[in-house]
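Trainee: Here's a structure for you.
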Amino acid sequence: MATAFAPTKLTATLPLHGSQENRLVLPIRLAPHSSFLGSTRSLTLHSSRRLNHAHATRRSPPVVGVQEVVKEKKSINSLLITKEEGLVLYEDMILGRSFEDMCAQMYYRGKMFGFVHLYNGQEAVSTGFIKLLTKSDSVVSTYRDHVHALSKGVSARAVMSELFGKVTGCCRGQGGSMHMFSKEHNMLGGFAFIGEGIPVATGAAFSSKYRRDVLKQDCEDVTVAFFGDGTCNNGQFYECLNMAALWKLPIIFVVENNLWAIGMSHLRATSDPEIWKKGPAFGMPGVHVDGMDVLKVREVAKEAVTRARRGEGPTLVECETYRFRGHSLADPDELRDAAEKAKYAARDPIAALKKYLIENKLVKEAELKSIEKKIDELVEEAVEFADASPQPGRSQLLENVFADPKGFGIGPDGRYRCEDPKFTEGTAQV
Amino acid sequence: MAALLGRSCRKLGFLSSGHGARRSVSTETGKSLNLYSAINQALHIALDSDPRSFVFGEDVGFGGVFRCTTGLAERFGKNRVFNTPLCEQGIVGFGIGLAAMGNRAIVEIQFADYIYPAFDQIVNEAAKFRYRSGNQFNCGGLTIRAPYGAVGHGGHYHSQSPEAFFCHVPGIKVVIPRSPREAKGLLLSCIRDPNPVVFFEPKWLYRQAVEEVPEHDYMIPLSEAEVIREGNDITLVGWGAQLTIMEQACLEAEKEGISCELIDLKTLLPWDKETVEASVKKTGRLLISHEAPITGGFGAEISATILERCFLKLEAPVSRICGLDTPFPLVFEPFYMPTKNKILDAIKTTVNY
């Protein structure tokens, strides 16, 4: 898949496997002027070379970042995926796209409310990573979490009901768009607050490592934390990079760099916009990958997940991607250049995968069409289900604030408030 | 409902009753503006009048997600009005530093729900700067603006009212306007006040509230509460968007023959105890209402103070109609909120005690 920007060419290969202390580190030769992420601003990266030499002399193995992980493979004998895998990836991305498009429709019809953030355009990152995970691996996401939940296995019905605020939603209608949780699928949430999920993911990763190394349980679970480019300027991110590398936690930090944080361009908000470089600064590999290409993402993800499962510690993966819609459904999306949008629209991950599958004769067009039809029906059914589901009962308002409803204390009449019959009606004075 | 609210705002509550003729601006006319435009005007005036003032925060460059900073970057330049990265702790700390060097830093926190990472800087640094440096340095030039409060569909993280946390901190001031005219005057006072101020703007009123706002530079004094409706039977105290709800309850109560006195506190820290005390000594009853959860909300402080000062004059216990003690809910917002009916019921209960 041709990329529309000229990435910096690096001579070093990614030493993601093997954990020898005296690993060879090749110095990185960077082109003197590189146009980064399709911007017209050229960056001169002159100081990195000296730094890498300095790193090479230190005892702990410094790791290097890599840009072009996967070269295009032309011959049929060395295809990146099998037909079955291709169909799974395609179906997942189509599900994500159709679901989000349906969300937009439902929102404008008034069925859905609140702040809704859609994932159109970024499906390759979600599918590329999450389809490699098992059910017991954990995923932590941001407010743009519908598709992460769907890829992880939460049913479209549960997500749609949650968006409609119905009791059959995955969080019983209490969370809404930005708070998709699923105990069964280990979806540790959408987080409305940027960066809040990263320490939570770090803790979850510690828990798996503890179960394996200390309790000697058969636990190879990894945690994948998704977040955006704006989050990479937040303190919590750096605190967690440090902890994860220090304790070699089985976590993968995935940056969905879509270049914009509402109206703030990444290039104008970050001193060094190349986020993958922040990984080596903390002692973990930092990888940059084309996030509009699901196959490339998947290759990088395989390495990172395998690394984490083997106990070699965290990886920072920066996926260059783009959101086709505005920040949220309330965002008129006036700030982004039309040319930029068009450029990324031409790199639509679904169209790209379709092209790959057909050109390499893995599937026929008819099979893909039948998948699209199946997904359309699934999403429609999810909407009907959500529509037909009941609203949460009023008693739910006061539930789950404390583990024990007695936590609300004793009312003015001397009895526990939770014993007041008005409590379950939600009308009690608490 | 929104349209009804807009109409009722224009007709009733927002024009000051002129009690005591405390400020002449209350009778002036001006342009009809909504809340975000009034705040925008205040910011334009503030930056115009002091060349060493700065406005920064997330997305302020293009006007901000609520349009409060429209036109500022174009008029005053990107050196004075600029976007920051996504780091509230850093943004406020950075503002404290600017203020300590004698500048005016007007920080925008995008939603009050996001102010918590900056809580440490506000409480431990901004509030104590003058105190612990022995008055060698101060960050009085710091003003933090944040939209707060319910908006109908905000859910957990776009609707919170955190004013109570900040009212517990000696060293800062907390101010909440109720309408466009008040907002412009209060914001200019906050910016020019020699103490760090946290200014919460009721986001629900950004477009809903429309009022005549004088176009010139004017300031409304801090720590002065205003009696916006006179009455004899019960005193109601509130701030921000909640006042519109309380006003509706007052009107309904009047139909049943209960005369209500409504006070806008405006400044929560330090608050005008004398005005509230004088009112309660006249009526003998007090009801406080706010959106934040009832336990530990600022109503508790008002209640305790008034009890100390007016114990023998009280005819009934102080009533607090506030949000429930739960996280701000999504679908259950109408049940959580202190609605007009809840307030009306409490007025009647208190009066008939």
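Lettering and numbering for the structure tokens are positional, with chains as A, B, ... in the shown order, residues counted from 1 in each chain, and ligands counted from 1 in the shown order.
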Residues of chain B were defined as contacting chain A if any atom lay at most 10 Å from it, counting only C-alpha atoms; please report them as a PyMOL selection string.
Mentor: chain B and resi 58-65+83-90+113-114+117+151-158+293-295+321-333+335-336
Trainee: If we count only C-alpha atoms, what is near Ile144 in chain B at a cut-off of 7 Å, once residues fewer than 3 positions away on the same chain are taken out, given as a PyMOL selection string?
Mentor: chain B and resi 106-108+197-199
Trainee: Pick out each residue of range 101-153 of chain B that DSSP on the backbone tags as helix (DSSP H, G or I); I need them as a ChimeraX atom specification.
Mentor: /B:112-114,116-126,129-132
Trainee: Using backbone DSSP assignments, extract all strand (DSSP E or B) residues from range 83-314 of chain B; output them as a ChimeraX atom specification.
Mentor: /B:83,104-108,142-148,173-175,197-202,210-213,226-229,234-238,260-264,267-269,286-293
Trainee: Please compute the CA of Val351 in chain B-CA of Leu314 in chain B distance, one decimal, in Å.
Mentor: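 Here the two named atoms are 11.1 Å from each other.
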Trainee: Using only C-alpha atoms, which protein or nucleic acid residues come within 8 Å of Ala126 in chain B? Drop anything in the same chain fewer than 6 positions from it, and give the result as a PyMOL selection string.
Mentor: chain B and resi 96+139+171-172+196
Trainee: How about saving the chosen residues, N, CA, C and O atoms kept, as an mmCIF file, in the first residue's frame?
Mentor:
data_model
loop_
_atom_site.group_PDB
_atom_site.id
_atom_site.type_symbol
_atom_site.label_atom_id
_atom_site.label_comp_id
_atom_site.auth_asym_id
_atom_site.auth_seq_id
_atom_site.Cartn_x
_atom_site.Cartn_y
_atom_site.Cartn_z
ATOM 1 N N ILE B 96 0.497 30.187 37.122
ATOM 2 C CA ILE B 96 0.961 30.709 38.411
ATOM 3 C C ILE B 96 2.307 31.388 38.223
ATOM 4 O O ILE B 96 2.582 32.459 38.767
ATOM 5 N N CYS B 139 0.464 35.491 43.205
ATOM 6 C CA CYS B 139 -0.059 35.150 41.876
ATOM 7 C C CYS B 139 -1.465 35.715 41.742
ATOM 8 O O CYS B 139 -2.365 35.055 41.239
ATOM 9 N N GLY B 171 -7.115 31.448 50.556
ATOM 10 C CA GLY B 171 -6.073 32.011 49.689
ATOM 11 C C GLY B 171 -6.554 32.250 48.277
ATOM 12 O O GLY B 171 -5.925 32.991 47.523
ATOM 13 N N ILE B 172 -7.642 31.592 47.872
ATOM 14 C CA ILE B 172 -8.186 31.863 46.550
ATOM 15 C C ILE B 172 -9.615 32.371 46.703
ATOM 16 O O ILE B 172 -10.192 32.311 47.780
ATOM 17 N N PRO B 196 -5.651 35.215 43.443
ATOM 18 C CA PRO B 196 -6.019 34.228 42.418
ATOM 19 C C PRO B 196 -7.494 33.883 42.548
ATOM 20 O O PRO B 196 -8.008 33.717 43.648
#
Trainee: Neighbouring residues of Ala346 in chain A were defined as those with any atom within 12 Å, considering only C-alpha atoms; residues of the same chain fewer than 2 positions away were excluded. Please report them as number ranges by chain.
Mentor: A: 1-4, 121, 292-293, 322, 324, 339-344, 348-352
Trainee: I need the chosen residues saved as a PDB file, in the first residue's frame, with N, CA and C atoms.
Mentor:
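Produced file again-v4.pdb, reproduced below:
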ATOM      1  N   MET A   1       0.839  -1.185   0.000  1.00  0.00           N
ATOM      2  CA  MET A   1       0.000   0.000   0.000  1.00  0.00           C
ATOM      3  C   MET A   1       0.871   1.229   0.000  1.00  0.00           C
ATOM      4  N   ALA A   2       0.741   2.055  -1.009  1.00  0.00           N
ATOM      5  CA  ALA A   2       1.619   3.224  -1.104  1.00  0.00           C
ATOM      6  C   ALA A   2       1.247   4.221  -0.034  1.00  0.00           C
ATOM      7  N   THR A   3       2.236   4.829   0.519  1.00  0.00           N
ATOM      8  CA  THR A   3       1.946   5.831   1.535  1.00  0.00           C
ATOM      9  C   THR A   3       2.119   7.199   0.915  1.00  0.00           C
ATOM     10  N   ALA A   4       1.328   8.115   1.336  1.00  0.00           N
ATOM     11  CA  ALA A   4       1.340   9.427   0.692  1.00  0.00           C
ATOM     12  C   ALA A   4       2.404  10.331   1.267  1.00  0.00           C
ATOM     13  N   GLY A 121     -12.379   5.924  10.072  1.00  0.00           N
ATOM     14  CA  GLY A 121     -11.058   6.183   9.500  1.00  0.00           C
ATOM     15  C   GLY A 121      -9.939   5.521  10.280  1.00  0.00           C
ATOM     16  N   MET A 292      -3.117   3.557   8.720  1.00  0.00           N
ATOM     17  CA  MET A 292      -4.214   3.415   7.753  1.00  0.00           C
ATOM     18  C   MET A 292      -4.101   2.079   7.036  1.00  0.00           C
ATOM     19  N   ASP A 293      -3.132   1.276   7.416  1.00  0.00           N
ATOM     20  CA  ASP A 293      -2.889   0.007   6.741  1.00  0.00           C
ATOM     21  C   ASP A 293      -2.979  -1.096   7.775  1.00  0.00           C
ATOM     22  N   TYR A 322      -6.062   8.800  10.987  1.00  0.00           N
ATOM     23  CA  TYR A 322      -6.841  10.019  10.755  1.00  0.00           C
ATOM     24  C   TYR A 322      -8.293   9.744  11.019  1.00  0.00           C
ATOM     25  N   PHE A 324     -12.048  10.561  10.008  1.00  0.00           N
ATOM     26  CA  PHE A 324     -12.720  11.184   8.876  1.00  0.00           C
ATOM     27  C   PHE A 324     -13.787  12.176   9.305  1.00  0.00           C
ATOM     28  N   ALA A 339      -7.720  19.579   1.887  1.00  0.00           N
ATOM     29  CA  ALA A 339      -6.723  18.773   1.159  1.00  0.00           C
ATOM     30  C   ALA A 339      -6.198  17.656   2.038  1.00  0.00           C
ATOM     31  N   GLU A 340      -6.007  17.981   3.324  1.00  0.00           N
ATOM     32  CA  GLU A 340      -5.519  16.952   4.254  1.00  0.00           C
ATOM     33  C   GLU A 340      -6.555  15.845   4.372  1.00  0.00           C
ATOM     34  N   LYS A 341      -7.807  16.249   4.516  1.00  0.00           N
ATOM     35  CA  LYS A 341      -8.877  15.262   4.653  1.00  0.00           C
ATOM     36  C   LYS A 341      -8.960  14.384   3.409  1.00  0.00           C
ATOM     37  N   ALA A 342      -8.826  14.995   2.248  1.00  0.00           N
ATOM     38  CA  ALA A 342      -8.936  14.233   1.008  1.00  0.00           C
ATOM     39  C   ALA A 342      -7.794  13.239   0.898  1.00  0.00           C
ATOM     40  N   LYS A 343      -6.625  13.681   1.331  1.00  0.00           N
ATOM     41  CA  LYS A 343      -5.446  12.811   1.225  1.00  0.00           C
ATOM     42  C   LYS A 343      -5.623  11.549   2.056  1.00  0.00           C
ATOM     43  N   TYR A 344      -6.146  11.717   3.248  1.00  0.00           N
ATOM     44  CA  TYR A 344      -6.338  10.548   4.087  1.00  0.00           C
ATOM     45  C   TYR A 344      -7.560   9.748   3.679  1.00  0.00           C
ATOM     46  N   ASP A 348      -8.216   5.230   2.807  1.00  0.00           N
ATOM     47  CA  ASP A 348      -9.214   4.551   3.632  1.00  0.00           C
ATOM     48  C   ASP A 348      -8.771   3.109   3.896  1.00  0.00           C
ATOM     49  N   PRO A 349      -8.658   2.712   5.161  1.00  0.00           N
ATOM     50  CA  PRO A 349      -8.129   1.375   5.458  1.00  0.00           C
ATOM     51  C   PRO A 349      -9.004   0.249   4.917  1.00  0.00           C
ATOM     52  N   ILE A 350     -10.308   0.475   4.871  1.00  0.00           N
ATOM     53  CA  ILE A 350     -11.175  -0.594   4.395  1.00  0.00           C
ATOM     54  C   ILE A 350     -10.991  -0.783   2.893  1.00  0.00           C
ATOM     55  N   ALA A 351     -10.933   0.317   2.188  1.00  0.00           N
ATOM     56  CA  ALA A 351     -10.712   0.216   0.735  1.00  0.00           C
ATOM     57  C   ALA A 351      -9.371  -0.430   0.451  1.00  0.00           C
ATOM     58  N   ALA A 352      -8.381  -0.090   1.276  1.00  0.00           N
ATOM     59  CA  ALA A 352      -7.041  -0.634   1.053  1.00  0.00           C
ATOM     60  C   ALA A 352      -7.019  -2.140   1.273  1.00  0.00           C
TER      61      ALA A 352
END
Trainee: Using only C-alpha atoms, which residue out of B:Phe298, B:Asn341, B:Ala146, B:Thr350 lies closest to Glu315 in chain B?
Mentor: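 With only C-alpha atoms as the atom set, the closest residue is B:Thr350.
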Trainee: What gap, in Å, lies between CA of Gln122 in chain A and CA of Glu384 in chain A?
Mentor: 26.3 Å
Trainee: Distance CA of Glu85 in chain A-CA of His117 in chain A, one decimal place?
Mentor: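 These atoms are spaced 28.4 Å apart.
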Trainee: Fewer than 4 positions away in the same chain doesn't count, so skip those; otherwise give me all residues within 12 Å of Phe200 in chain B, counting only C-alpha atoms, as an MDAnalysis selection string.
Mentor: chainID B and resid 39 107:113 115 143:149 160:164 166 173:178 183 186:187 190 204:206 239:241 266:268
